[in-house]
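Just work38.cif here, mmCIF, C-alpha atoms:
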data_data
loop_
_atom_site.group_PDB
_atom_site.id
_atom_site.type_symbol
_atom_site.label_atom_id
_atom_site.label_comp_id
_atom_site.auth_asym_id
_atom_site.auth_seq_id
_atom_site.Cartn_x
_atom_site.Cartn_y
_atom_site.Cartn_z
ATOM 1 C CA MET A 1 74.399 113.840 77.271
ATOM 2 C CA GLU A 2 71.395 112.770 79.346
ATOM 3 C CA MET A 3 71.409 110.013 81.943
ATOM 4 C CA THR A 4 68.499 108.391 83.721
ATOM 5 C CA ALA A 5 69.136 107.695 87.387
ATOM 6 C CA GLY A 6 68.868 104.160 88.762
ATOM 7 C CA PRO A 7 65.693 102.557 90.145
ATOM 8 C CA GLY A 8 64.105 104.413 93.015
ATOM 9 C CA LEU A 9 65.693 107.744 92.129
ATOM 10 C CA GLY A 10 62.986 108.882 89.767
ATOM 11 C CA ASP A 11 64.129 112.022 87.972
ATOM 12 C CA SER A 12 66.582 112.066 85.104
ATOM 13 C CA LEU A 13 69.825 113.915 85.730
ATOM 14 C CA ALA A 14 71.617 116.078 83.193
ATOM 15 C CA ILE A 15 75.379 115.578 83.050
ATOM 16 C CA VAL A 16 77.087 118.952 82.806
ATOM 17 C CA PRO A 17 80.901 119.019 82.615
ATOM 18 C CA ASN A 18 82.803 120.765 85.434
ATOM 19 C CA THR A 19 79.797 121.058 87.749
ATOM 20 C CA GLN A 20 78.953 119.414 91.045
ATOM 21 C CA GLY A 21 76.419 116.634 90.513
ATOM 22 C CA VAL A 22 73.386 115.867 92.625
ATOM 23 C CA ARG A 23 74.354 113.903 95.740
ATOM 24 C CA ARG A 24 72.958 110.376 95.587
ATOM 25 C CA ASN A 25 72.731 109.914 99.348
ATOM 26 C CA VAL A 26 71.853 113.091 101.197
ATOM 27 C CA PRO A 27 72.673 113.100 104.936
ATOM 28 C CA PRO A 28 69.705 113.336 107.298
ATOM 29 C CA ALA A 29 68.614 116.747 108.586
ATOM 30 C CA GLY A 30 71.249 118.168 110.918
ATOM 31 C CA GLY A 31 73.813 115.668 109.625
ATOM 32 C CA ASN A 32 77.167 116.369 108.043
ATOM 33 C CA VAL A 33 78.426 114.370 105.037
ATOM 34 C CA GLN A 34 81.606 113.455 106.963
ATOM 35 C CA ASP A 35 79.450 111.852 109.686
ATOM 36 C CA PHE A 36 78.160 109.375 107.115
ATOM 37 C CA VAL A 37 81.356 108.454 105.254
ATOM 38 C CA ALA A 38 83.653 105.978 107.009
ATOM 39 C CA SER A 39 87.330 106.526 106.293
ATOM 40 C CA VAL A 40 90.481 104.701 107.394
ATOM 41 C CA ASP A 41 94.140 104.965 106.365
ATOM 42 C CA PHE A 42 96.538 102.027 106.137
ATOM 43 C CA THR A 43 100.321 101.933 105.953
ATOM 44 C CA VAL A 44 102.281 98.808 105.024
ATOM 45 C CA ALA A 45 105.931 98.437 104.026
ATOM 46 C CA GLY A 46 108.159 95.556 102.966
ATOM 47 C CA LEU A 47 107.779 91.940 101.892
ATOM 48 C CA ASN A 48 105.491 89.428 103.629
ATOM 49 C CA GLN A 49 103.951 92.003 105.929
ATOM 50 C CA PRO A 50 101.032 90.516 107.883
ATOM 51 C CA PHE A 51 97.629 92.102 108.181
ATOM 52 C CA GLY A 52 97.845 94.903 110.720
ATOM 53 C CA PRO A 53 95.327 95.676 113.430
ATOM 54 C CA ARG A 54 91.721 95.816 112.254
ATOM 55 C CA LYS A 55 90.582 99.380 111.687
ATOM 56 C CA THR A 56 87.044 100.673 111.660
ATOM 57 C CA GLY A 57 85.517 103.901 110.527
ATOM 58 C CA THR A 58 82.142 105.185 111.657
ATOM 59 C CA VAL A 59 78.927 105.874 109.779
ATOM 60 C CA GLY A 60 76.238 107.730 111.688
ATOM 61 C CA GLY A 61 78.033 106.863 114.938
ATOM 62 C CA VAL A 62 78.165 103.111 114.167
ATOM 63 C CA ASP A 63 81.548 101.360 113.780
ATOM 64 C CA VAL A 64 82.078 99.761 110.358
ATOM 65 C CA PHE A 65 85.000 97.509 109.383
ATOM 66 C CA LEU A 66 86.158 98.440 105.868
ATOM 67 C CA GLY A 67 89.012 96.034 105.223
ATOM 68 C CA GLU A 68 92.672 95.307 105.797
ATOM 69 C CA VAL A 69 95.958 95.258 103.882
ATOM 70 C CA CYS A 70 99.162 93.196 103.800
ATOM 71 C CA THR A 71 101.958 92.399 101.330
ATOM 72 C CA ASP A 72 102.924 89.060 99.797
ATOM 73 C CA ALA A 73 106.376 87.485 99.334
ATOM 74 C CA SER A 74 107.032 89.726 96.298
ATOM 75 C CA GLY A 75 105.940 92.906 98.085
ATOM 76 C CA ARG A 76 102.638 93.169 96.191
ATOM 77 C CA LEU A 77 99.820 94.885 98.031
ATOM 78 C CA VAL A 78 96.915 92.633 99.061
ATOM 79 C CA VAL A 79 93.653 94.396 99.957
ATOM 80 C CA LEU A 80 90.732 92.558 101.560
ATOM 81 C CA GLY A 81 87.360 94.212 101.921
ATOM 82 C CA GLY A 82 84.822 94.375 104.708
ATOM 83 C CA GLU A 83 82.571 91.594 105.907
ATOM 84 C CA GLY A 84 79.716 91.892 103.384
ATOM 85 C CA LYS A 85 77.531 93.558 105.960
ATOM 86 C CA SER A 86 74.812 96.188 105.764
ATOM 87 C CA GLN A 87 73.238 97.845 108.753
ATOM 88 C CA SER A 88 71.117 100.785 109.811
ATOM 89 C CA TRP A 89 72.334 103.540 112.103
ATOM 90 C CA VAL A 90 68.702 104.244 112.981
ATOM 91 C CA ALA A 91 66.768 102.222 115.586
ATOM 92 C CA PRO A 92 64.435 100.668 114.746
ATOM 93 C CA ALA A 93 65.872 100.113 111.275
ATOM 94 C CA PRO A 94 63.777 101.647 108.482
ATOM 95 C CA ARG A 95 62.205 99.286 105.977
ATOM 96 C CA LEU A 96 64.288 98.592 102.849
ATOM 97 C CA GLU A 97 62.417 100.034 99.877
ATOM 98 C CA ASP A 98 64.977 99.420 97.121
ATOM 99 C CA TYR A 99 68.240 97.605 96.412
ATOM 100 C CA LEU A 100 69.974 101.009 96.450
ATOM 101 C CA ASN A 101 69.671 104.334 98.290
ATOM 102 C CA ASN A 102 67.791 103.315 101.422
ATOM 103 C CA PRO A 103 67.810 106.187 103.933
ATOM 104 C CA GLY A 104 69.313 105.267 107.300
ATOM 105 C CA TRP A 105 71.298 102.286 105.940
ATOM 106 C CA PHE A 106 74.965 101.717 105.050
ATOM 107 C CA ASP A 107 77.156 98.823 103.924
ATOM 108 C CA ASP A 108 80.856 98.017 104.082
ATOM 109 C CA VAL A 109 81.452 98.261 100.335
ATOM 110 C CA ALA A 110 84.425 100.611 100.054
ATOM 111 C CA ASP A 111 86.811 102.290 97.664
ATOM 112 C CA GLY A 112 89.736 104.632 97.926
ATOM 113 C CA PRO A 113 93.084 105.827 96.644
ATOM 114 C CA VAL A 114 96.310 103.822 96.838
ATOM 115 C CA ASP A 115 99.504 105.858 96.945
ATOM 116 C CA ALA A 116 102.993 104.375 97.108
ATOM 117 C CA THR A 117 106.518 105.386 97.966
ATOM 118 C CA ILE A 118 109.101 103.000 96.543
ATOM 119 C CA THR A 119 112.587 102.698 97.978
ATOM 120 C CA ILE A 120 115.325 100.385 96.729
ATOM 121 C CA ALA A 121 117.852 98.930 99.165
ATOM 122 C CA GLY A 122 121.255 100.571 98.797
ATOM 123 C CA GLN A 123 119.906 103.504 96.773
ATOM 124 C CA PRO A 124 119.371 106.959 98.271
ATOM 125 C CA GLY A 125 115.908 108.487 98.208
ATOM 126 C CA ALA A 126 112.660 107.181 96.848
ATOM 127 C CA VAL A 127 111.753 106.239 93.284
ATOM 128 C CA PRO A 128 109.185 108.727 91.937
ATOM 129 C CA VAL A 129 105.680 107.309 91.500
ATOM 130 C CA ASN A 130 103.784 109.426 88.993
ATOM 131 C CA GLU A 131 100.329 107.924 89.336
ATOM 132 C CA GLY A 132 98.419 106.370 92.198
ATOM 133 C CA ALA A 133 95.787 103.677 91.923
ATOM 134 C CA TRP A 134 92.229 103.208 93.138
ATOM 135 C CA VAL A 135 90.905 100.113 94.875
ATOM 136 C CA VAL A 136 87.206 99.190 94.819
ATOM 137 C CA ILE A 137 85.762 96.586 97.171
ATOM 138 C CA GLY A 138 82.469 95.419 95.699
ATOM 139 C CA PRO A 139 79.572 93.651 97.382
ATOM 140 C CA PRO A 140 79.681 89.876 97.885
ATOM 141 C CA ASP A 141 78.397 87.734 95.019
ATOM 142 C CA PHE A 142 75.689 85.720 96.763
ATOM 143 C CA ALA A 143 74.434 84.293 93.455
ATOM 144 C CA PRO A 144 77.510 83.777 91.222
ATOM 145 C CA ASP A 145 75.531 82.164 88.395
ATOM 146 C CA VAL A 146 73.166 85.134 88.124
ATOM 147 C CA VAL A 147 74.508 87.990 86.010
ATOM 148 C CA PRO A 148 73.379 91.390 87.363
ATOM 149 C CA ILE A 149 71.498 93.684 85.018
ATOM 150 C CA VAL A 150 73.049 96.745 86.674
ATOM 151 C CA SER A 151 76.811 97.072 87.040
ATOM 152 C CA LEU A 152 78.773 99.008 89.647
ATOM 153 C CA TYR A 153 79.704 101.406 86.820
ATOM 154 C CA ASP A 154 75.988 102.079 86.208
ATOM 155 C CA ILE A 155 75.327 103.273 89.756
ATOM 156 C CA MET A 156 78.533 105.177 90.594
#

Would you encode the structure as structure tokens?
Amino acid sequence: MEMTAGPGLGDSLAIVPNTQGVRRNVPPAGGNVQDFVASVDFTVAGLNQPFGPRKTGTVGGVDVFLGEVCTDASGRLVVLGGEGKSQSWVAPAPRLEDYLNNPGWFDDVADGPVDATITIAGQPGAVPVNEGAWVVIGPPDFAPDVVPIVSLYDIM
């Protein structure tokens, strides 16, 4: 199978099973990938749990708010994303050349695993949960009547 990379990436990329792909956003010279990936963990338990304290991760030394979690009256998990913000960790900010893959820039679009432990009142131990879930927080829809020609699936 052959795939052509999105706008601004130029070369076509071959998809080879069980191999590491080409990194879409390479860290700057001297940088470490972990320095440019914000990560936060949340824990929530019970019914009607309010949003906890706001947590931020860092990207290139800049704080970034990624979202918050709570539960509703039925105990369902509610996940809210960031603030629809993009920013540069470089000063002055480099010029934006494309809608995607602009060196020195990040946004608060986020995704990550959701794992659960379920306990039932009056029953010993936890109920086994065989599979986790994945939550994706997409960018804001500033033009809801305009259908994008590129989906999130196309660029991930």

Exercise: Thr71 of chain A partners within 10 Å, all atoms listed in the file, chain neighbours under 4 positions left out, as a PyMOL selection string
chain A and resi 44-51+75-79

Near-segment 101-113 of chain A list (6 Å; only C-alpha atoms; drop same-chain fewer than 2 positions) as a ChimeraX atom specification:
/A:66,82,85-90,133-139

Let's have the selection written as a compact mmCIF listing (two decimals), in the coordinates of the input, with C-alpha atoms.
# COMPACT_ATOMS: atom_id res chain seq x y z
CA LEU A 66 86.16 98.44 105.87
CA GLY A 82 84.82 94.38 104.71
CA LYS A 85 77.53 93.56 105.96
CA SER A 86 74.81 96.19 105.76
CA GLN A 87 73.24 97.84 108.75
CA SER A 88 71.12 100.78 109.81
CA TRP A 89 72.33 103.54 112.10
CA VAL A 90 68.70 104.24 112.98
CA ALA A 133 95.79 103.68 91.92
CA TRP A 134 92.23 103.21 93.14
CA VAL A 135 90.90 100.11 94.88
CA VAL A 136 87.21 99.19 94.82
CA ILE A 137 85.76 96.59 97.17
CA GLY A 138 82.47 95.42 95.70
CA PRO A 139 79.57 93.65 97.38

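In terms of minimum interatomic distance to Arg54 of chain A, A:Leu80 ranks closest within A:Leu80, A:Ala121, A:Val37, A:Val114, counting all atoms listed in the file.
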
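Comparing A:Thr43, A:Leu100, A:Ile120, A:Glu83 by their smallest distance to Pro140 of chain A, the closest is A:Glu83 (using all atoms listed in the file).
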
On this structure, the PyMOL selection byres ((chain A and resi 60-63) around 7) would catch which residues? List them as a PyMOL selection string, sorted by chain and number.
chain A and resi 35-36+56-59+64-65+89

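Counting from atom CA of Cys70 of chain A, the distance to atom CA of Asp115 of chain A is 14.4 Å.
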